[in-house]
Amino acid sequence: MTKPRAGSDQHVIGWLLLLPAAVLLVAFTHYPAAATLYHSLFSTPKAGRSAVWVGLDNYQAMAADPVFWQSLRNNVLFALGTIPTSMALALVMALLVNDKLRGRAFLRLAYFTPTILPMIAVANIWLFFYTPGYGLVEQVTRLFGAPSHNWLGSRDTVLACLMVVTVWKEAGFFMIFYLAALQAIAPVLAEAAAIEGAGRWYFFRRVTFPLLMPTTLFVLVNAVINSFRLVDHIVVMTKGGPDNASSLLLYYIYDVGFKFWDTSYAAALTMFLLVLLASVAIGQFVLLDRRIHYR
Amino acid sequence: MTLTKLASALTLLSGLWAGATAAQTTEITFYYPIAVGGPITKIIDGYAEQFVKENPSIRVKPIYAGTYQETIVKALTANKSGEPPVTAILLSTDMFTLIDEDAIVPWEELAKSADDQAWMKSFFPAFMKNSQTGGKTWGIPFQRSTIVLYWNKEAFKEAGLDPNKPPATWAEQVEIARKLTKRDGGGNVTQWGIQVPSSGFPYWLFQGFTTQNDVLLMNDAGNQTYYDKPAVIEALQYWVDLSQKHKVMAPGVIEWGTTPKDFFERKTAMMWTTTGNLTNVRNNAKFEFGVAMLPAGKRRGSPTGGGNFYIFKKASAAQQQAAVKFAKWMTSPERAAQWGIDTGYVAVRPDAWQTPAMKKYVADFTVAAVARDQLQYAVAELSTHENQRVTKALNDGLQAALTGAKSPAQALKDAQAEAERILRPYRR
């Protein structure tokens with residue numbers, strides 16, 4: 001029996017154990033972030049013109065770029081429109097299918113289906129839902145005598161239409177987390193509350209919801225990230241149009257990087273998105289963590 | 001010591017081996033813009049196989065790379081990492097982008113024999129406009145299209161119009177569309193007269209209007225645009241008026257992808273779309289339809305569109321020569337004819353239309369020749385340096401005007417200012 005020697009050897013083993021995770025983290029998270037920052041400070045290399053140091057030029061161009069500001073504004077609206085709605089809907093659906101009712105498994109499946117469909121396929125279906133004249137949306141609104149409307153082709157409605165698709169797609173996904181959390185709540189709590197004479201709403205407000213807070217935080221962080229990350233449906237449904245009315249930040253980054261091939265400006269835009277998301281996530285943890293009861 | 005010896009021996013061996021195989025077969029990668037599966041991939045695979053059978057020293061490896069946009073992203077990123085495809089079908093309008101990235105070689109440098117020279121002159125001149133700049137040929141036409149007008153003959157009859165007489169002028173287009181527009185008791189439109197799609201790439205459809213108004217959008221060198229010329233503004237005004245003044249076209253931006261479906265569902269009695277939709281319309285329209293050249297303003301006109309063969313600079317000389325051979329084989333008259341029949345693209349050379357197969361096809365399906373006949377009026381598709389950025393400036397302006405956010409004059413003035421800002425460095 002060799003006793004594990006104290007000191008440096010143990011350190012080495014510890015580091016070796018960490019190595020696989022560390023390599024992955026560095027290769028796929030830290031290095032790309034650092035490289036993005038580095039490239040955003042240089043000009044875009046072109047044939048015959050290699051990259052030169054330009055300092056904050058790309059960031060100045062960003063501040064003066066109206067499409068960037070419009071995409072940012074759209075994205076904030078998009079986040080405000082999708083996050084609370086999809087989370088509230090997820091919670092309601094989870095409560096509904098957590099109860100003992102007939103066809104529960106079927107209902108759960110139905111709520112979850114949008115999540116497992118690929119976004120590209122979903123977007124192609126919704127494209128036809130929104131078609132003026134004979135699309136599903138118009139077939140319903142026509143029953144109420146509403147005039148025909150070009151949903152995706154008008155700058156006033158296009159962003160809201162994309163929000164609906166996103167909520168429809170996301171709510172089922174968040175529902176799963178809420179459902180798992182609901183199942184973890186001990187039934188004795190409900191029994192005790194019933195003995196004390198608490199109503200359903202009171203029980204939800206004072207017991208269920210506080211116990212769900214850790215899940216809510218998790219879902220919220222994910223929802224925020226997704227609201228800046230999901231752009232597949234824009235590629236299929238609007239390509240950011242009409243006139244950038246539905247352009248979101250990540251979509252614009254793709255445009256700049258892979259259509260305009262202005263990679264260093266795309267790097268600057270990516271840095272902006274990274275800092276924005278990081279600060280939002282940190283803010284969420286710092287602000288909300290204090291108010292959350294972890295068991 | 002032994003290790004180094006072994007290593008050098010291995011290097012020598014592998015060098016010999018590589019040399020030996022190079023003498024036997026040259027492999028060329030061929031990026032083709034389509035998603036996996038489907039009838040088109042079968043056709044391309046078949047071509048590659050047959051070519052290899054006839055040229056045993058060459059192996060063609062088709063790689064299906066997604067949409068045009070995805071394909072150029074893959075090709076250019078591969079080029080940056082040093083391993084580009086040998087040849088690829090990419091949009092003809094990507095020419096300047098590929099030149100600016102120093103990714104491709106002109107065909108003159110590779111195809112030097114008299115036979116090659118004759119081959120390069122064998123295509124419709126309209127298709128070469130997007131394939132040449134600065135006196136050099138950078139692309140060889142393969143799958144090319146133009147815009148045509150489709151009309152529903154039954155709707156024409158219902159409206160008391162001659163079903164065999166499509167609009168031939170701008171004025172007739174408005175007049176006929178007015179007669180075709182049907183409203184219900186509440187004033188809601190149940191059938192629009194005409195539909196010109198404006199999502200995604202409205203500049204292409206817009207080039208129909210500008211060409212008909214006898215004005216070009218850019219110069220041959222691809223470093224100057226003319227978005228705010230009075231004739232261009234007039235053309236946009238005509239397009240906008242179709243919905244805002246005459247009310248014969250749905251307002252707002254019209255989706256490209258659902259336009260054929262709108263036509264099948266009789267939501268619109270006429271539509272502008274690519275000749276590439278011909279087979280789709282033929283299979284899905286449950287009524288008699290016609291295909292015509294776009295109506296004339298001051299003249300007839302349509303831009304061309306579609307994809308060209310390019311050869312990449314970083315490929316080896318042997319590979320480039322093999323790629324030239326392959327492109328020549330793929331665009332021979334018989335194959336160009338068959339490709340056009342199978343897909344609906346316009347066969348790219350006049351002599352393809354003289355082949356027995358094509359003659360028989362046109363005799364059975366006369367509308368197939370409309371796109372060919374329109375070629376004499378066709379102009380190059382909008383393409384400049386920084387192509388997608390300069391094009392986006394115009395797209396944004398067009399959509400702003402069509403949604404009523406800006407007047408046509410203002411929208412095009414803004415688009416021109418943006419294009420000027422981008423293109424100024426290329427005029428030095």
# chains A, B, ... in the order shown; residues from 1 in each chain; ligands from 1

call {"tool": "select_by_dssp", "arguments": {"residues": "stretch 44-292 of chain A", "states": "helix (DSSP H, G or I)", "output": "JSON, numbers by chain"}}
result
{"A": [57, 58, 59, 60, 61, 62, 63, 66, 67, 68, 69, 70, 71, 72, 73, 74, 75, 76, 77, 78, 79, 80, 81, 82, 83, 84, 85, 86, 87, 88, 89, 90, 91, 92, 93, 94, 95, 96, 97, 98, 104, 105, 106, 107, 108, 109, 110, 111, 112, 113, 114, 115, 116, 119, 120, 121, 122, 123, 124, 125, 126, 127, 128, 129, 136, 137, 138, 139, 140, 141, 142, 143, 158, 159, 160, 161, 162, 163, 164, 165, 166, 167, 168, 169, 170, 171, 172, 173, 174, 175, 176, 177, 178, 179, 180, 181, 182, 183, 184, 187, 188, 189, 190, 191, 192, 193, 194, 195, 196, 200, 201, 202, 203, 204, 205, 206, 207, 208, 209, 210, 211, 212, 213, 214, 215, 216, 217, 218, 219, 220, 221, 222, 223, 224, 225, 226, 227, 228, 229, 232, 233, 234, 235, 236, 237, 249, 250, 251, 252, 253, 254, 255, 256, 257, 258, 259, 263, 264, 265, 266, 267, 268, 269, 270, 271, 272, 273, 274, 275, 276, 277, 278, 279, 280, 281, 282, 283, 284, 285, 286, 287, 288, 289]}

call {"tool": "closest_atom_pairs", "arguments": {"of": "chain B", "to": "chain A", "cutoff": "6 Å", "atoms": "only C-alpha atoms", "output": "Markdown table"}}
result
| residue | atom | partner | partner_atom | distance |
| --- | --- | --- | --- | --- |
| B:Glu101 | CA | A:Ala47 | CA | 5.1 |
| B:Asp102 | CA | A:Ala47 | CA | 5.5 |
| B:Gly200 | CA | A:Lys239 | CA | 5.8 |
| B:Gly252 | CA | A:Gly153 | CA | 5.0 |
| B:Val253 | CA | A:Gly153 | CA | 4.0 |
| B:Ile254 | CA | A:Gly153 | CA | 5.9 |
| B:Gln388 | CA | A:Phe260 | CA | 5.8 |
| B:Arg389 | CA | A:Phe260 | CA | 5.6 |
| B:Asp396 | CA | A:Asp243 | CA | 4.3 |
| B:Gln399 | CA | A:Asp243 | CA | 5.3 |
| B:Ala400 | CA | A:Asp243 | CA | 5.5 |

call {"tool": "closest_residue", "arguments": {"among": "B:Gln224, B:Thr87, B:Ala368, B:Val324", "to": "B:Asp116", "atoms": "only C-alpha atoms"}}
result
B:Val324

call {"tool": "residues_around", "arguments": {"residues": "stretch 23-33 of chain A", "least_positions_apart": "4", "cutoff": "12 Å", "atoms": "only C-alpha atoms", "output": "VMD selection string"}}
result
chain A and resid 15 to 19 37 to 40 267 to 268 270 to 275 278

call {"tool": "closest_residue", "arguments": {"among": "B:Ala405, B:Asp342, B:Leu375, B:Asn188", "to": "A:Arg142", "atoms": "only C-alpha atoms"}}
result
B:Asn188

call {"tool": "select_by_dssp", "arguments": {"residues": "stretch 252-291 of chain B", "states": "strand (DSSP E or B)", "output": "list in words"}}
result
Thr268, Met270, Met271, Trp272, Thr273, Thr274, Phe289, Gly290 and Val291 of chain B

call {"tool": "closest_residue", "arguments": {"among": "A:His233, A:Arg291, A:Lys100, A:Arg49", "to": "A:Lys169", "atoms": "only C-alpha atoms"}}
result
A:His233
